[in-house]
>>> print(open('my_file04.txt').read())   # compact mmCIF, C-alpha atoms
# COMPACT_ATOMS: atom_id res chain seq x y z
CA MET A 1 147.97 235.29 70.55
CA LYS A 2 146.13 238.16 72.29
CA PHE A 3 146.86 239.91 75.59
CA SER A 4 144.97 242.37 77.75
CA THR A 5 147.82 244.89 77.83
CA SER A 6 148.47 247.11 74.83
CA ASN A 7 152.04 247.92 75.91
CA GLN A 8 153.80 245.26 73.82
CA ILE A 9 157.26 245.38 72.27
CA LYS A 10 158.56 242.78 69.83
CA GLY A 11 162.13 241.64 70.23
CA LYS A 12 164.59 238.78 69.94
CA ILE A 13 166.51 237.00 72.69
CA MET A 14 170.21 237.75 72.35
CA GLU A 15 171.59 236.09 75.47
CA ILE A 16 170.45 234.09 78.50
CA ARG A 17 172.41 233.98 81.76
CA LYS A 18 171.13 231.27 84.09
CA GLY A 19 171.52 231.47 87.83
CA ALA A 20 170.44 229.05 90.55
CA VAL A 21 166.85 230.35 90.81
CA THR A 22 166.41 232.95 88.07
CA ALA A 23 167.77 233.77 84.65
CA VAL A 24 168.47 237.12 83.05
CA VAL A 25 167.23 237.24 79.47
CA TYR A 26 168.69 239.96 77.24
CA VAL A 27 166.22 241.00 74.55
CA ALA A 28 167.08 243.21 71.56
CA ILE A 29 164.28 245.58 70.59
CA ALA A 30 164.04 248.41 68.02
CA GLY A 31 167.31 250.08 67.15
CA ASP A 32 170.32 249.18 69.27
CA THR A 33 168.30 248.90 72.48
CA ASN A 34 168.52 245.86 74.76
CA VAL A 35 166.22 245.09 77.68
CA GLU A 36 167.09 242.82 80.61
CA VAL A 37 164.25 240.59 81.78
CA SER A 38 164.45 238.44 84.90
CA VAL A 39 162.54 235.15 84.77
CA THR A 40 162.45 232.10 87.00
CA ILE A 41 164.16 228.94 85.79
CA PRO A 42 160.77 227.12 85.59
CA ALA A 43 159.40 229.96 83.41
CA LEU A 44 162.49 229.77 81.20
CA GLU A 45 161.88 226.05 80.69
CA THR A 46 158.08 226.32 80.30
CA LEU A 47 158.40 229.01 77.61
CA LYS A 48 161.29 227.10 75.99
CA LEU A 49 163.28 230.32 75.71
CA TYR A 50 166.55 230.22 73.76
CA GLU A 51 168.94 232.67 72.12
CA GLY A 52 167.54 233.88 68.79
CA LYS A 53 163.90 233.23 69.71
CA PRO A 54 161.45 236.04 68.84
CA VAL A 55 159.47 237.22 71.87
CA ILE A 56 157.01 239.89 72.95
CA LEU A 57 157.69 242.02 76.02
CA MET A 58 154.56 243.17 77.81
CA ILE A 59 154.92 246.15 80.10
CA ASN A 60 152.62 246.43 83.08
CA PRO A 61 152.98 249.26 85.61
CA GLY A 62 155.37 247.30 87.87
CA ASP A 63 156.39 244.42 85.68
CA ILE A 64 157.70 243.45 82.29
CA ILE A 65 156.26 240.12 81.18
CA ILE A 66 157.79 238.02 78.40
CA GLY A 67 155.65 236.00 75.97
CA CYS A 68 156.25 233.85 72.92
CA GLU A 69 154.61 231.28 70.67
>>> encode(input="my_file04.txt", output="C-alpha cells")
Amino acid sequence: MKFSTSNQIKGKIMEIRKGAVTAVVYVAIAGDTNVEVSVTIPALETLKLYEGKPVILMINPGDIIIGCE
C-alpha cells in the first residue's frame, strides 16, 4: 500500500468507543504514546477496524487519516 503523504506512523488499535455518528479510535504508537482518532461510523465499518488491528496513521496539515490493509 502506498500513500502520497510521507508523514506515516504505524500503530495498533487499543480501544474503540462508538457514538451515534462517530467513533473515537485509540491507537498505540511508539513507546507509551496513544493517539485519539475520530472516524465516522461508516468509515469504521468500511475499514473493518477492531481492537488489536495494526494501522497506519497519516498526518496531513489539518487531519490525521487512518489506513489499514
>>> residues_around(input="my_file04.txt", residues="Ser6 in chain A", least_positions_apart="5", cutoff="10 Å", atoms="only C-alpha atoms", output="VMD selection string")
chain A and resid 58 to 60
>>> atom_distance(input="my_file04.txt", atom1="CA of Ala30 in chain A", atom2="CA of Val55 in chain A")
12.7 Å
>>> atom_distance(input="my_file04.txt", atom1="CA of Lys18 in chain A", atom2="CA of Thr40 in chain A")
9.2 Å
>>> closest_residue(input="my_file04.txt", among="A:Gly19, A:Gly31, A:Gly67, A:Pro54", to="Lys2 in chain A", atoms="all atoms listed in the file")
A:Gly67
>>> atom_distance(input="my_file04.txt", atom1="CA of Gly62 in chain A", atom2="CA of Ile29 in chain A")
19.5 Å
>>> closest_residue(input="my_file04.txt", among="A:Cys68, A:Lys12, A:Pro61, A:Tyr26", to="Ser38 in chain A", atoms="all atoms listed in the file")
A:Tyr26
>>> closest_residue(input="my_file04.txt", among="A:Ala28, A:Met14, A:Val21, A:Ile66", to="Leu47 in chain A", atoms="all atoms listed in the file")
A:Ile66
>>> residues_near_point(input="my_file04.txt", point="(151.4, 245.1, 77.5)", cutoff="9 Å", atoms="all atoms listed in the file", output="list in words")
Phe3, Ser4, Thr5, Ser6, Asn7, Gln8, Ile9, Ile56, Leu57, Met58, Ile59, Asn60, Ile64 and Ile65 of chain A
>>> residues_around(input="my_file04.txt", residues="Thr22 in chain A", least_positions_apart="2", cutoff="12 Å", atoms="all atoms listed in the file", output="list in words")
Ile16, Arg17, Lys18, Gly19, Ala20, Val24, Val25, Val37, Ser38, Val39, Thr40, Ile41, Pro42, Ala43, Leu44 and Glu45 of chain A
>>> closest_residue(input="my_file04.txt", among="A:Thr33, A:Ala23, A:Lys53, A:Glu15", to="Glu69 in chain A", atoms="all atoms listed in the file")
A:Lys53
>>> build_atoms(input="my_file04.txt", residues="range 16-42 of chain A", atoms="N, CA and C atoms", output="mmCIF file, in the frame of the given file")
data_model
loop_
_atom_site.group_PDB
_atom_site.id
_atom_site.type_symbol
_atom_site.label_atom_id
_atom_site.label_comp_id
_atom_site.auth_asym_id
_atom_site.auth_seq_id
_atom_site.Cartn_x
_atom_site.Cartn_y
_atom_site.Cartn_z
ATOM 1 N N ILE A 16 171.088 234.558 77.276
ATOM 2 C CA ILE A 16 170.450 234.090 78.500
ATOM 3 C C ILE A 16 171.540 233.733 79.487
ATOM 4 N N ARG A 17 171.456 234.307 80.690
ATOM 5 C CA ARG A 17 172.410 233.980 81.760
ATOM 6 C C ARG A 17 171.626 233.329 82.893
ATOM 7 N N LYS A 18 171.849 232.025 83.065
ATOM 8 C CA LYS A 18 171.130 231.270 84.090
ATOM 9 C C LYS A 18 171.837 231.332 85.428
ATOM 10 N N GLY A 19 171.029 231.546 86.466
ATOM 11 C CA GLY A 19 171.520 231.470 87.830
ATOM 12 C C GLY A 19 170.896 230.260 88.500
ATOM 13 N N ALA A 20 170.979 230.182 89.814
ATOM 14 C CA ALA A 20 170.440 229.050 90.550
ATOM 15 C C ALA A 20 168.911 229.053 90.561
ATOM 16 N N VAL A 21 168.305 230.242 90.678
ATOM 17 C CA VAL A 21 166.850 230.350 90.810
ATOM 18 C C VAL A 21 166.216 231.120 89.665
ATOM 19 N N THR A 22 166.939 232.116 89.147
ATOM 20 C CA THR A 22 166.410 232.950 88.070
ATOM 21 C C THR A 22 167.408 233.027 86.922
ATOM 22 N N ALA A 23 166.914 233.525 85.813
ATOM 23 C CA ALA A 23 167.770 233.770 84.650
ATOM 24 C C ALA A 23 167.544 235.198 84.195
ATOM 25 N N VAL A 24 168.587 235.802 83.670
ATOM 26 C CA VAL A 24 168.470 237.120 83.050
ATOM 27 C C VAL A 24 168.455 236.893 81.546
ATOM 28 N N VAL A 25 167.399 237.390 80.907
ATOM 29 C CA VAL A 25 167.230 237.240 79.470
ATOM 30 C C VAL A 25 167.448 238.625 78.845
ATOM 31 N N TYR A 26 168.395 238.710 77.920
ATOM 32 C CA TYR A 26 168.690 239.960 77.240
ATOM 33 C C TYR A 26 167.963 239.954 75.901
ATOM 34 N N VAL A 27 167.062 240.931 75.733
ATOM 35 C CA VAL A 27 166.220 241.000 74.550
ATOM 36 C C VAL A 27 166.548 242.251 73.745
ATOM 37 N N ALA A 28 166.844 242.080 72.456
ATOM 38 C CA ALA A 28 167.080 243.210 71.560
ATOM 39 C C ALA A 28 165.734 243.685 71.030
ATOM 40 N N ILE A 29 165.500 244.994 71.133
ATOM 41 C CA ILE A 29 164.280 245.580 70.590
ATOM 42 C C ILE A 29 164.700 246.618 69.544
ATOM 43 N N ALA A 30 163.781 247.453 69.108
ATOM 44 C CA ALA A 30 164.040 248.410 68.020
ATOM 45 C C ALA A 30 165.349 249.169 68.204
ATOM 46 N N GLY A 31 166.039 249.368 67.111
ATOM 47 C CA GLY A 31 167.310 250.080 67.150
ATOM 48 C C GLY A 31 168.378 249.231 67.823
ATOM 49 N N ASP A 32 169.239 249.879 68.565
ATOM 50 C CA ASP A 32 170.320 249.180 69.270
ATOM 51 C C ASP A 32 169.991 249.017 70.753
ATOM 52 N N THR A 33 168.723 248.961 71.092
ATOM 53 C CA THR A 33 168.300 248.900 72.480
ATOM 54 C C THR A 33 168.150 247.456 72.946
ATOM 55 N N ASN A 34 168.688 247.167 74.129
ATOM 56 C CA ASN A 34 168.520 245.860 74.760
ATOM 57 C C ASN A 34 167.791 246.038 76.083
ATOM 58 N N VAL A 35 166.966 245.075 76.420
ATOM 59 C CA VAL A 35 166.220 245.090 77.680
ATOM 60 C C VAL A 35 166.588 243.822 78.437
ATOM 61 N N GLU A 36 166.830 243.966 79.753
ATOM 62 C CA GLU A 36 167.090 242.820 80.610
ATOM 63 C C GLU A 36 165.789 242.400 81.271
ATOM 64 N N VAL A 37 165.461 241.122 81.169
ATOM 65 C CA VAL A 37 164.250 240.590 81.780
ATOM 66 C C VAL A 37 164.642 239.449 82.710
ATOM 67 N N SER A 38 164.177 239.504 83.948
ATOM 68 C CA SER A 38 164.450 238.440 84.900
ATOM 69 C C SER A 38 163.279 237.472 84.912
ATOM 70 N N VAL A 39 163.574 236.189 84.740
ATOM 71 C CA VAL A 39 162.540 235.150 84.770
ATOM 72 C C VAL A 39 163.008 234.013 85.663
ATOM 73 N N THR A 40 162.074 233.266 86.213
ATOM 74 C CA THR A 40 162.450 232.100 87.000
ATOM 75 C C THR A 40 162.928 230.996 86.061
ATOM 76 N N ILE A 41 163.693 230.068 86.597
ATOM 77 C CA ILE A 41 164.160 228.940 85.790
ATOM 78 C C ILE A 41 162.975 228.103 85.290
ATOM 79 N N PRO A 42 161.936 227.846 86.134
ATOM 80 C CA PRO A 42 160.770 227.120 85.590
ATOM 81 C C PRO A 42 160.091 227.859 84.438
#
